[in-house]
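Here is model_9.txt, consisting of compact mmCIF, C-alpha atoms and all ligand atoms:
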```txt
# COMPACT_ATOMS: atom_id res chain seq x y z
CA MET A 39 -30.50 2.58 26.22
CA ARG A 40 -28.25 0.38 24.07
CA HIS A 41 -24.63 -0.72 24.50
CA LEU A 42 -22.12 -2.13 22.02
CA LEU A 43 -20.27 -4.64 24.20
CA THR A 44 -20.06 -7.74 22.01
CA GLY A 45 -21.73 -7.06 18.65
CA PHE A 46 -24.49 -9.57 19.42
CA GLU A 47 -26.73 -6.70 20.56
CA PHE A 48 -27.92 -5.63 17.12
CA SER A 49 -30.14 -7.20 14.47
CA GLN A 50 -29.23 -7.43 10.80
CA ASP A 51 -31.46 -4.42 10.06
CA GLU A 52 -29.66 -2.42 12.72
CA TYR A 53 -26.24 -3.43 11.39
CA LEU A 54 -27.30 -2.38 7.89
CA GLU A 55 -28.62 0.90 9.25
CA ILE A 56 -25.31 1.57 11.07
CA LEU A 57 -23.38 0.87 7.85
CA GLU A 58 -25.73 3.00 5.74
CA THR A 59 -25.55 5.92 8.14
CA ALA A 60 -21.74 5.65 8.14
CA ALA A 61 -21.72 5.74 4.33
CA ALA A 62 -24.04 8.77 4.34
CA MET A 63 -21.84 10.54 6.90
CA LYS A 64 -18.79 9.78 4.79
CA ALA A 65 -20.45 11.21 1.67
CA GLU A 66 -21.91 14.36 3.25
CA PRO A 67 -20.23 15.02 6.60
CA HIS A 68 -21.44 18.65 6.72
CA LYS A 69 -25.02 17.41 7.29
CA TYR A 70 -24.16 15.89 10.66
CA THR A 71 -22.19 18.61 12.39
CA GLU A 72 -24.84 19.02 15.10
CA ALA A 73 -25.95 15.37 15.40
CA ILE A 74 -24.85 15.09 19.05
CA LYS A 75 -24.43 18.78 19.80
CA GLY A 76 -23.53 19.41 23.43
CA LYS A 77 -23.08 15.70 24.22
CA SER A 78 -19.88 14.22 25.52
CA GLY A 79 -18.16 10.93 26.15
CA ALA A 80 -15.26 9.48 28.11
CA ILE A 81 -12.73 7.62 25.96
CA MET A 82 -10.86 5.24 28.29
CA PHE A 83 -7.87 3.28 27.06
CA GLU A 84 -5.96 0.67 29.06
CA LYS A 85 -3.97 -0.24 25.93
CA PRO A 86 -2.23 1.73 23.14
CA SER A 87 -4.11 2.89 20.04
CA LEU A 88 -3.62 4.99 16.93
CA ARG A 89 -6.75 4.43 14.85
CA THR A 90 -9.41 3.84 17.49
CA ARG A 91 -8.44 6.72 19.75
CA THR A 92 -8.02 9.24 16.92
CA THR A 93 -11.26 8.30 15.21
CA PHE A 94 -13.40 8.25 18.36
CA GLU A 95 -12.11 11.69 19.40
CA LEU A 96 -12.72 13.03 15.89
CA ALA A 97 -16.13 11.37 15.68
CA PHE A 98 -17.31 13.26 18.78
CA TYR A 99 -15.89 16.52 17.39
CA ARG A 100 -17.37 16.09 13.91
CA LEU A 101 -20.85 15.48 15.30
CA GLY A 102 -20.73 18.57 17.52
CA GLY A 103 -19.90 16.70 20.71
CA HIS A 104 -16.77 16.32 22.81
CA GLY A 105 -14.72 13.28 23.78
CA VAL A 106 -12.53 13.37 26.90
CA TYR A 107 -9.58 11.01 26.62
CA LEU A 108 -8.69 9.18 29.83
CA ASP A 109 -5.31 7.49 29.67
CA LEU A 110 -5.43 4.29 31.70
CA GLN A 111 -2.27 2.75 30.30
CA ASN A 112 -0.44 3.19 33.58
CA GLY A 113 -3.08 1.57 35.71
CA GLU A 114 -5.94 -0.73 34.90
CA LEU A 115 -9.47 0.38 35.69
CA GLY A 116 -10.48 -0.63 39.18
CA LYS A 117 -7.08 0.01 40.80
CA ARG A 118 -7.52 3.58 42.07
CA GLU A 119 -11.22 3.17 42.82
CA THR A 120 -13.72 0.45 42.02
CA ILE A 121 -15.00 0.16 38.47
CA ALA A 122 -18.52 0.68 39.81
CA ASP A 123 -17.56 4.02 41.42
CA TYR A 124 -15.61 5.02 38.34
CA ALA A 125 -18.74 4.46 36.22
CA ARG A 126 -21.02 6.22 38.71
CA ASN A 127 -18.77 9.31 38.61
CA LEU A 128 -18.41 9.49 34.84
CA CYS A 129 -22.12 9.08 34.23
CA ARG A 130 -22.78 12.33 36.12
CA TRP A 131 -20.80 14.19 33.43
CA VAL A 132 -20.82 12.33 30.13
CA ASP A 133 -23.36 10.74 27.79
CA CYS A 134 -21.33 7.72 26.65
CA LEU A 135 -18.38 5.57 27.74
CA VAL A 136 -15.93 4.24 25.15
CA GLY A 137 -13.48 1.70 26.56
CA ARG A 138 -10.46 -0.30 25.36
CA VAL A 139 -9.79 -2.79 28.12
CA TYR A 140 -7.88 -5.93 29.02
CA SER A 141 -10.94 -7.78 30.21
CA GLN A 142 -14.42 -7.90 28.70
CA LYS A 143 -15.69 -8.05 32.30
CA THR A 144 -14.54 -4.46 32.85
CA LEU A 145 -16.88 -3.23 30.10
CA GLU A 146 -19.72 -5.30 31.47
CA GLU A 147 -19.18 -3.79 34.91
CA LEU A 148 -19.11 -0.26 33.47
CA ALA A 149 -22.42 -1.00 31.74
CA ALA A 150 -23.93 -2.54 34.87
CA TYR A 151 -23.09 0.37 37.20
CA GLY A 152 -23.23 3.26 34.72
CA SER A 153 -26.32 4.84 33.26
CA VAL A 154 -25.07 5.69 29.75
CA PRO A 155 -24.24 3.60 26.66
CA VAL A 156 -20.91 1.74 26.75
CA ILE A 157 -19.00 1.08 23.51
CA ASN A 158 -16.33 -1.62 23.29
CA ALA A 159 -13.23 -0.16 21.62
CA LEU A 160 -11.44 -3.57 21.91
CA SER A 161 -11.26 -6.11 24.68
CA ASP A 162 -9.65 -9.51 25.08
CA LEU A 163 -12.70 -11.06 23.36
CA TYR A 164 -14.14 -8.58 20.88
CA HIS A 165 -13.43 -5.61 18.61
CA PRO A 166 -16.99 -5.00 17.37
CA ALA A 167 -16.66 -1.48 15.94
CA GLN A 168 -13.63 -2.66 13.97
CA ALA A 169 -15.71 -5.42 12.36
CA MET A 170 -18.39 -2.90 11.38
CA ALA A 171 -15.77 -0.73 9.64
CA ASP A 172 -14.36 -3.86 7.99
CA TYR A 173 -17.70 -4.88 6.51
CA LEU A 174 -18.42 -1.30 5.42
CA THR A 175 -15.12 -1.50 3.50
CA VAL A 176 -16.04 -4.85 1.96
CA LYS A 177 -19.44 -3.47 0.90
CA GLU A 178 -17.83 -0.40 -0.67
CA HIS A 179 -15.48 -2.53 -2.74
CA LEU A 180 -17.62 -5.54 -3.62
CA GLY A 181 -21.04 -3.87 -3.61
CA LYS A 182 -22.63 -6.51 -1.36
CA LEU A 183 -22.19 -8.58 1.80
CA GLN A 184 -24.64 -11.47 1.50
CA ASN A 185 -22.63 -14.66 0.90
CA VAL A 186 -19.39 -12.81 0.26
CA LYS A 187 -16.63 -15.30 1.15
CA LEU A 188 -14.11 -13.99 3.64
CA ALA A 189 -11.04 -15.96 4.76
CA TYR A 190 -9.37 -14.87 8.00
CA LEU A 191 -5.81 -16.14 8.40
CA GLY A 192 -3.60 -16.32 11.48
CA ASP A 193 -4.29 -16.14 15.19
CA GLY A 194 -7.90 -16.56 16.29
CA ASN A 195 -8.34 -13.47 18.46
CA ASN A 196 -10.68 -10.60 19.39
CA VAL A 197 -10.75 -9.39 15.77
CA THR A 198 -11.53 -12.91 14.50
CA ASN A 199 -14.35 -13.30 17.01
CA SER A 200 -15.93 -10.01 15.97
CA LEU A 201 -15.57 -10.79 12.25
CA CYS A 202 -17.51 -14.00 12.97
CA VAL A 203 -20.23 -12.26 14.97
CA ALA A 204 -20.78 -9.34 12.57
CA GLY A 205 -20.30 -11.59 9.53
CA ALA A 206 -22.94 -14.03 10.77
CA ILE A 207 -25.41 -11.19 11.28
CA LEU A 208 -24.66 -9.58 7.91
CA GLY A 209 -24.84 -12.82 5.89
CA VAL A 210 -21.10 -13.16 5.16
CA ASP A 211 -19.48 -16.62 4.85
CA VAL A 212 -16.45 -16.47 7.17
CA THR A 213 -13.76 -19.17 7.29
CA CYS A 214 -11.06 -18.88 9.94
CA PHE A 215 -7.76 -20.44 8.87
CA CYS A 216 -5.88 -20.81 12.14
CA PRO A 217 -3.43 -23.35 13.58
CA GLN A 218 -5.15 -26.06 15.58
CA GLY A 219 -5.82 -24.83 19.11
CA SER A 220 -5.52 -21.15 18.07
CA GLY A 221 -8.92 -20.66 16.47
CA PRO A 222 -11.68 -18.23 17.46
CA ASP A 223 -13.29 -18.46 20.90
CA VAL A 224 -15.41 -21.63 20.86
CA GLN A 225 -18.38 -20.21 22.74
CA ILE A 226 -18.55 -17.05 20.62
CA PHE A 227 -18.08 -19.07 17.42
CA THR A 228 -20.90 -21.45 18.37
CA GLN A 229 -23.28 -18.62 19.24
CA ALA A 230 -22.39 -16.76 16.03
CA SER A 231 -22.80 -19.93 13.93
CA GLU A 232 -26.44 -20.17 14.99
CA LEU A 233 -26.99 -16.59 13.81
CA ALA A 234 -25.21 -17.41 10.54
CA ARG A 235 -27.66 -20.25 9.98
CA GLN A 236 -30.57 -17.83 10.48
CA HIS A 237 -29.06 -15.39 7.98
CA GLY A 238 -28.30 -17.90 5.22
CA CYS A 239 -24.52 -17.93 5.59
CA LYS A 240 -21.97 -20.06 7.41
CA LEU A 241 -18.91 -19.88 9.62
CA CYS A 242 -16.09 -22.43 9.36
CA VAL A 243 -12.69 -23.13 10.90
CA ASP A 244 -9.93 -24.86 8.97
CA SER A 245 -6.27 -25.33 9.86
CA ASP A 246 -5.10 -26.07 6.30
CA PRO A 247 -4.10 -22.90 4.41
CA SER A 248 -3.96 -24.84 1.11
CA HIS A 249 -7.78 -24.64 1.27
CA VAL A 250 -7.70 -20.86 0.79
CA ARG A 251 -9.35 -21.07 -2.65
CA ASN A 252 -12.35 -19.25 -4.15
CA PHE A 253 -12.54 -16.49 -1.58
CA ASP A 254 -13.52 -12.86 -2.23
CA VAL A 255 -11.77 -11.28 0.74
CA LEU A 256 -8.63 -12.10 2.73
CA TYR A 257 -8.15 -10.73 6.23
CA THR A 258 -5.30 -11.03 8.69
CA ASP A 259 -4.20 -9.55 12.02
CA THR A 260 -1.17 -9.73 14.30
CA TRP A 261 -0.02 -13.14 15.53
CA VAL A 262 0.45 -11.73 19.05
CA SER A 263 -2.18 -9.38 20.49
CA MET A 264 -1.72 -6.53 22.96
CA GLY A 265 -1.34 -7.75 26.50
CA ASP A 266 0.40 -10.96 25.41
CA ASN A 267 4.15 -10.68 25.97
CA THR A 268 5.07 -13.64 23.73
CA PRO A 269 7.88 -12.47 21.38
CA LEU A 270 6.60 -12.38 17.78
CA GLU A 271 9.74 -14.17 16.63
CA SER A 272 8.91 -17.18 18.80
CA VAL A 273 5.57 -17.85 17.05
CA LYS A 274 6.85 -17.24 13.53
CA LYS A 275 7.20 -20.92 12.67
CA LYS A 276 3.67 -21.71 13.87
CA TYR A 277 1.96 -18.93 11.92
CA MET A 278 4.15 -18.53 8.81
CA PRO A 279 2.02 -21.01 6.78
CA TYR A 280 -0.87 -18.54 7.29
CA GLN A 281 1.07 -15.48 6.09
CA VAL A 282 -0.85 -13.36 3.58
CA ASN A 283 1.73 -13.18 0.78
CA GLN A 284 1.38 -12.74 -2.98
CA GLN A 285 1.31 -16.47 -3.66
CA LEU A 286 -1.57 -16.97 -1.24
CA VAL A 287 -3.46 -13.95 -2.59
CA ASP A 288 -3.09 -15.23 -6.18
CA ALA A 289 -4.23 -18.76 -5.28
CA SER A 290 -7.19 -17.50 -3.22
CA GLY A 291 -8.89 -15.60 -6.04
CA ALA A 292 -9.55 -12.75 -3.59
CA GLN A 293 -10.32 -9.27 -4.87
CA ILE A 294 -9.39 -7.38 -1.72
CA VAL A 295 -7.15 -7.79 1.33
CA LEU A 296 -7.91 -6.32 4.74
CA HIS A 297 -5.91 -5.89 7.95
CA CYS A 298 -7.21 -4.04 11.00
CA LEU A 299 -3.68 -2.63 11.62
CA PRO A 300 -1.16 -2.15 13.12
CA ALA A 301 0.58 -4.54 10.72
CA HIS A 302 3.76 -6.43 11.41
CA ARG A 303 5.08 -6.25 7.88
CA ASN A 304 6.58 -9.46 6.53
CA TYR A 305 5.12 -11.44 9.41
CA GLU A 306 1.34 -11.83 8.99
CA ILE A 307 1.34 -9.81 5.75
CA THR A 308 4.10 -9.08 3.25
CA ASP A 309 5.05 -5.61 2.02
CA GLU A 310 4.12 -6.72 -1.48
CA VAL A 311 0.51 -7.47 -0.48
CA MET A 312 0.09 -4.62 1.97
CA ASP A 313 1.29 -2.11 -0.63
CA GLY A 314 -0.25 -3.98 -3.58
CA SER A 315 -3.31 -3.22 -5.69
CA LYS A 316 -5.69 -5.47 -3.70
CA SER A 317 -4.90 -3.93 -0.32
CA VAL A 318 -7.71 -1.77 1.07
CA VAL A 319 -6.22 -1.43 4.55
CA PHE A 320 -6.19 2.37 4.57
CA ASP A 321 -9.79 2.60 3.32
CA GLU A 322 -10.55 0.27 6.21
CA ALA A 323 -8.69 2.55 8.63
CA GLU A 324 -10.52 5.60 7.28
CA ASN A 325 -13.85 3.86 7.73
CA ARG A 326 -13.24 3.55 11.46
CA LEU A 327 -14.08 7.27 11.65
CA HIS A 328 -17.35 6.99 9.74
CA ILE A 329 -18.50 3.94 11.70
CA HIS A 330 -17.71 5.63 15.01
CA MET A 331 -19.71 8.68 13.95
CA SER A 332 -22.61 6.43 13.00
CA LEU A 333 -22.42 4.50 16.28
CA LEU A 334 -22.23 7.62 18.46
CA SER A 335 -25.20 9.18 16.70
CA LYS A 336 -27.22 5.97 17.16
CA LEU A 337 -26.33 5.21 20.77
CA ILE A 338 -26.17 8.66 22.39
N1 LIG A 401 -7.22 -1.42 14.48
C1 LIG A 401 -7.09 -0.75 15.63
O1 LIG A 401 -7.90 -0.88 16.55
O2 LIG A 401 -5.99 0.07 15.69
P1 LIG A 401 -5.47 0.81 16.98
O3 LIG A 401 -4.99 -0.25 17.94
O4 LIG A 401 -4.36 1.71 16.51
O5 LIG A 401 -6.60 1.58 17.58
N1 LIG A 402 -5.76 -8.45 17.91
C1 LIG A 402 -5.11 -7.17 18.04
C2 LIG A 402 -5.91 -6.09 17.40
C3 LIG A 402 -5.29 -4.74 17.41
C4 LIG A 402 -6.15 -3.69 16.82
C5 LIG A 402 -4.86 -6.88 19.50
O1 LIG A 402 -5.75 -7.13 20.33
O2 LIG A 402 -3.77 -6.41 19.83
```
Would you mind writing the structure in this file as structure tokens?
Amino acid sequence: MRHLLTGFEFSQDEYLEILETAAAMKAEPHKYTEAIKGKSGAIMFEKPSLRTRTTFELAFYRLGGHGVYLDLQNGELGKRETIADYARNLCRWVDCLVGRVYSQKTLEELAAYGSVPVINALSDLYHPAQAMADYLTVKEHLGKLQNVKLAYLGDGNNVTNSLCVAGAILGVDVTCFCPQGSGPDVQIFTQASELARQHGCKLCVDSDPSHVRNFDVLYTDTWVSMGDNTPLESVKKKYMPYQVNQQLVDASGAQIVLHCLPAHRNYEITDEVMDGSKSVVFDEAENRLHIHMSLLSKLI
């Protein structure tokens, strides 16, 4: 049995297989309507979601399975009963647990006490299925991943960490342009950098946005993540030099711009870029569905 808790669980061959299956499912969805027939999953969310919730529910449905949505936004897991008991109950009924949680530890506990695969649908540290959809999108548009140069700009967060992990495994050169002290998680970055070395690519951090030159892909995300009550306005000054605007896109040489969404328009990304010809953000959102279908068919 395999989990997707961090993104470190899979080899490069397995990542490529997940991406290829997603592309095949996107091209010929009718071939997979019974891929997980009769199987089910619990989709547990402690935080809001548009894309991840919709696409996981649809992924179960499109493969012939069923996803049961459990709204945990009014009470974190572990409050009404222990996480261990919660997992032991669910595993008597479902074949997979999909969880969006405040703490990575919650997912690890679900995996430890449950007996079915657990998929991370975003935690404080990782957003691994997002990164898979992101690299599928890059591959669709650029035709390759090996040594593609991706610049991430803004707050070093769960999305940044997962772009580093998946990028390192897939051979992508990832540079994180973040203010000093707001870069990716040091431990995750160090572990991912070793994998990058093995796969002939490299990960970097840089706090100077004037170095955003000769990149293929630009990526940004919110400056304040869910669960952090800091007002966006109060961090504007700190992050504005990292805004993905037309001037930065032109200077970077990038062919495409990604954003995991939801976007805070005219904060981390301008309207002009988000609605411009290089934006592939809605292809990226669509690909969440195909990646989730691929993941469910592999793990269940
Ligand atoms: N990108 C992403 O995970 O979006 P949601 O928060 O809407 O699921
Ligand atoms: N970093 C963001 C991603 C949202 C999809 C957050 O955690 O809120």
Shortest interatomic distance to Asp254 in chain A - which of A:Asn304, A:Ser290, A:Thr93, A:Gln50, counting only C-alpha atoms: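 Of A:Asn304, A:Ser290, A:Thr93, A:Gln50, the one nearest Asp254 in chain A, counting only C-alpha atoms, is A:Ser290.
With distances restricted to only C-alpha atoms, A:Leu201 is the closest residue to Gly45 in chain A from A:Leu188, A:Val176, A:Leu201, A:Val106.
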Residues within 10 Å of Trp261 in chain A, all atoms listed in the file, excluding chain neighbours under 2 positions, as a ChimeraX atom specification: /A:191-195,258-259,263,268-271,273-274,276-278,280-281,301-302,305-306
Give one line per residue of chain A that approaches ligand LIG 401 (chain A) to at most 7 Å, naming the two atoms of the closest pair and their distance in Å to one decimal, counting all atoms listed in the file; sort by chain then ascending residue number and deliver it as JSON lines.
```
{"residue": "A:Pro86", "atom": "CA", "partner": "A:LIG401", "partner_atom": "O3", "distance": 6.2}
{"residue": "A:Ser87", "atom": "CA", "partner": "A:LIG401", "partner_atom": "O4", "distance": 3.7}
{"residue": "A:Leu88", "atom": "CA", "partner": "A:LIG401", "partner_atom": "O4", "distance": 3.4}
{"residue": "A:Arg89", "atom": "CA", "partner": "A:LIG401", "partner_atom": "O5", "distance": 3.9}
{"residue": "A:Thr90", "atom": "CA", "partner": "A:LIG401", "partner_atom": "O5", "distance": 3.6}
{"residue": "A:Arg91", "atom": "CA", "partner": "A:LIG401", "partner_atom": "O5", "distance": 5.9}
{"residue": "A:Leu160", "atom": "CA", "partner": "A:LIG401", "partner_atom": "O1", "distance": 7.0}
{"residue": "A:Gln168", "atom": "CA", "partner": "A:LIG401", "partner_atom": "O1", "distance": 6.5}
{"residue": "A:Cys298", "atom": "CA", "partner": "A:LIG401", "partner_atom": "N1", "distance": 4.4}
{"residue": "A:Leu299", "atom": "CA", "partner": "A:LIG401", "partner_atom": "N1", "distance": 4.7}
{"residue": "A:Pro300", "atom": "CA", "partner": "A:LIG401", "partner_atom": "O2", "distance": 5.9}
```
Could you give me the axis-aligned bounding box of ligand LIG 402 (chain A), with 3 Å of padding per side, as centre plus edge lengths in Å to one decimal, as lines of an AutoDock Vina configuration file?
```
center_x = -5.0
center_y = -6.1
center_z = 18.6
size_x = 8.4
size_y = 10.8
size_z = 9.5
```
Asn283 in chain A environment, 9 Å, only C-alpha atoms, sequence neighbours closer than 3 positions dropped, as number ranges by chain: A: 280, 286-288, 304, 306-312
Just to confirm, what's the straight-line distance from CA of Thr144 in chain A to CA of His328 in chain A in Å (one decimal)?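 Computed distance, CA of Thr144 in chain A to CA of His328 in chain A, equals 25.9 Å.
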With all atoms listed in the file as the counted atoms, please give the residues lying no more than 8 Å from Ser332 in chain A, apart from itself and same-chain residues fewer than 5 positions off, as an MDAnalysis selection string. chainID A and resid 56:57 59:60 63
In Å to one decimal, how far is CA of Leu110 in chain A from CA of Gly79 in chain A? 15.4 Å
Residues within 9 Å of (-17.1, 17.1, 22.1), file coordinates, counting only C-alpha atoms: what are they? Give the list as a PyMOL selection string. chain A and resi 74-79+95-106
Long-range neighbours of range 293-297 of chain A as a PyMOL selection string, 7 Å cut-off, only C-alpha atoms, 3 positions minimum in chain: chain A and resi 254-259+316-319
Provide range 206-216 of chain A rebuilt to all heavy atoms, formatted as an mmCIF file, in the frame of the given file.
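Okay, rebuild.cif is ready:
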```cif
data_model
loop_
_atom_site.group_PDB
_atom_site.id
_atom_site.type_symbol
_atom_site.label_atom_id
_atom_site.label_comp_id
_atom_site.auth_asym_id
_atom_site.auth_seq_id
_atom_site.Cartn_x
_atom_site.Cartn_y
_atom_site.Cartn_z
ATOM 1 N N ALA A 206 -21.760 -13.161 10.645
ATOM 2 C CA ALA A 206 -22.940 -14.030 10.770
ATOM 3 C C ALA A 206 -24.225 -13.213 10.692
ATOM 4 O O ALA A 206 -25.217 -13.645 10.105
ATOM 5 C CB ALA A 206 -22.873 -14.789 12.097
ATOM 6 N N ILE A 207 -24.207 -12.027 11.276
ATOM 7 C CA ILE A 207 -25.410 -11.190 11.280
ATOM 8 C C ILE A 207 -25.635 -10.559 9.904
ATOM 9 O O ILE A 207 -26.769 -10.390 9.458
ATOM 10 C CB ILE A 207 -25.321 -10.127 12.405
ATOM 11 C CG1 ILE A 207 -25.303 -10.826 13.774
ATOM 12 C CG2 ILE A 207 -26.475 -9.129 12.321
ATOM 13 C CD1 ILE A 207 -24.968 -9.942 14.950
ATOM 14 N N LEU A 208 -24.544 -10.257 9.210
ATOM 15 C CA LEU A 208 -24.660 -9.580 7.910
ATOM 16 C C LEU A 208 -24.731 -10.545 6.722
ATOM 17 O O LEU A 208 -24.795 -10.111 5.574
ATOM 18 C CB LEU A 208 -23.467 -8.628 7.729
ATOM 19 C CG LEU A 208 -23.532 -7.343 8.568
ATOM 20 C CD1 LEU A 208 -22.175 -6.663 8.664
ATOM 21 C CD2 LEU A 208 -24.567 -6.373 7.986
ATOM 22 N N GLY A 209 -24.685 -11.846 6.986
ATOM 23 C CA GLY A 209 -24.840 -12.820 5.890
ATOM 24 C C GLY A 209 -23.542 -13.181 5.180
ATOM 25 O O GLY A 209 -23.562 -13.757 4.085
ATOM 26 N N VAL A 210 -22.395 -12.879 5.783
ATOM 27 C CA VAL A 210 -21.100 -13.160 5.160
ATOM 28 C C VAL A 210 -20.642 -14.580 5.537
ATOM 29 O O VAL A 210 -20.800 -15.002 6.683
ATOM 30 C CB VAL A 210 -20.042 -12.132 5.645
ATOM 31 C CG1 VAL A 210 -18.688 -12.384 4.985
ATOM 32 C CG2 VAL A 210 -20.512 -10.702 5.385
ATOM 33 N N ASP A 211 -20.080 -15.307 4.570
ATOM 34 C CA ASP A 211 -19.480 -16.620 4.850
ATOM 35 C C ASP A 211 -18.051 -16.391 5.333
ATOM 36 O O ASP A 211 -17.214 -15.923 4.560
ATOM 37 C CB ASP A 211 -19.459 -17.487 3.586
ATOM 38 C CG ASP A 211 -20.857 -17.857 3.118
ATOM 39 O OD1 ASP A 211 -21.703 -18.197 3.968
ATOM 40 O OD2 ASP A 211 -21.116 -17.772 1.898
ATOM 41 N N VAL A 212 -17.780 -16.717 6.588
ATOM 42 C CA VAL A 212 -16.450 -16.470 7.170
ATOM 43 C C VAL A 212 -15.766 -17.796 7.472
ATOM 44 O O VAL A 212 -16.321 -18.634 8.183
ATOM 45 C CB VAL A 212 -16.563 -15.640 8.474
ATOM 46 C CG1 VAL A 212 -15.173 -15.384 9.072
ATOM 47 C CG2 VAL A 212 -17.284 -14.318 8.227
ATOM 48 N N THR A 213 -14.561 -17.995 6.924
ATOM 49 C CA THR A 213 -13.760 -19.170 7.290
ATOM 50 C C THR A 213 -12.496 -18.691 7.991
ATOM 51 O O THR A 213 -11.786 -17.831 7.468
ATOM 52 C CB THR A 213 -13.377 -19.996 6.040
ATOM 53 O OG1 THR A 213 -14.574 -20.338 5.343
ATOM 54 C CG2 THR A 213 -12.646 -21.274 6.436
ATOM 55 N N CYS A 214 -12.242 -19.257 9.163
ATOM 56 C CA CYS A 214 -11.060 -18.880 9.940
ATOM 57 C C CYS A 214 -9.982 -19.934 9.726
ATOM 58 O O CYS A 214 -10.155 -21.085 10.145
ATOM 59 C CB CYS A 214 -11.401 -18.803 11.427
ATOM 60 S SG CYS A 214 -12.807 -17.730 11.779
ATOM 61 N N PHE A 215 -8.899 -19.548 9.059
ATOM 62 C CA PHE A 215 -7.760 -20.440 8.870
ATOM 63 C C PHE A 215 -6.754 -20.154 9.978
ATOM 64 O O PHE A 215 -6.054 -19.124 9.941
ATOM 65 C CB PHE A 215 -7.134 -20.219 7.486
ATOM 66 C CG PHE A 215 -7.998 -20.719 6.365
ATOM 67 C CD1 PHE A 215 -8.880 -19.857 5.708
ATOM 68 C CD2 PHE A 215 -7.953 -22.050 5.967
ATOM 69 C CE1 PHE A 215 -9.688 -20.319 4.673
ATOM 70 C CE2 PHE A 215 -8.759 -22.525 4.936
ATOM 71 C CZ PHE A 215 -9.627 -21.650 4.292
ATOM 72 N N CYS A 216 -6.728 -21.014 10.965
ATOM 73 C CA CYS A 216 -5.880 -20.810 12.140
ATOM 74 C C CYS A 216 -5.223 -22.138 12.496
ATOM 75 O O CYS A 216 -5.815 -23.197 12.258
ATOM 76 C CB CYS A 216 -6.719 -20.374 13.345
ATOM 77 S SG CYS A 216 -7.822 -18.976 13.052
#
```
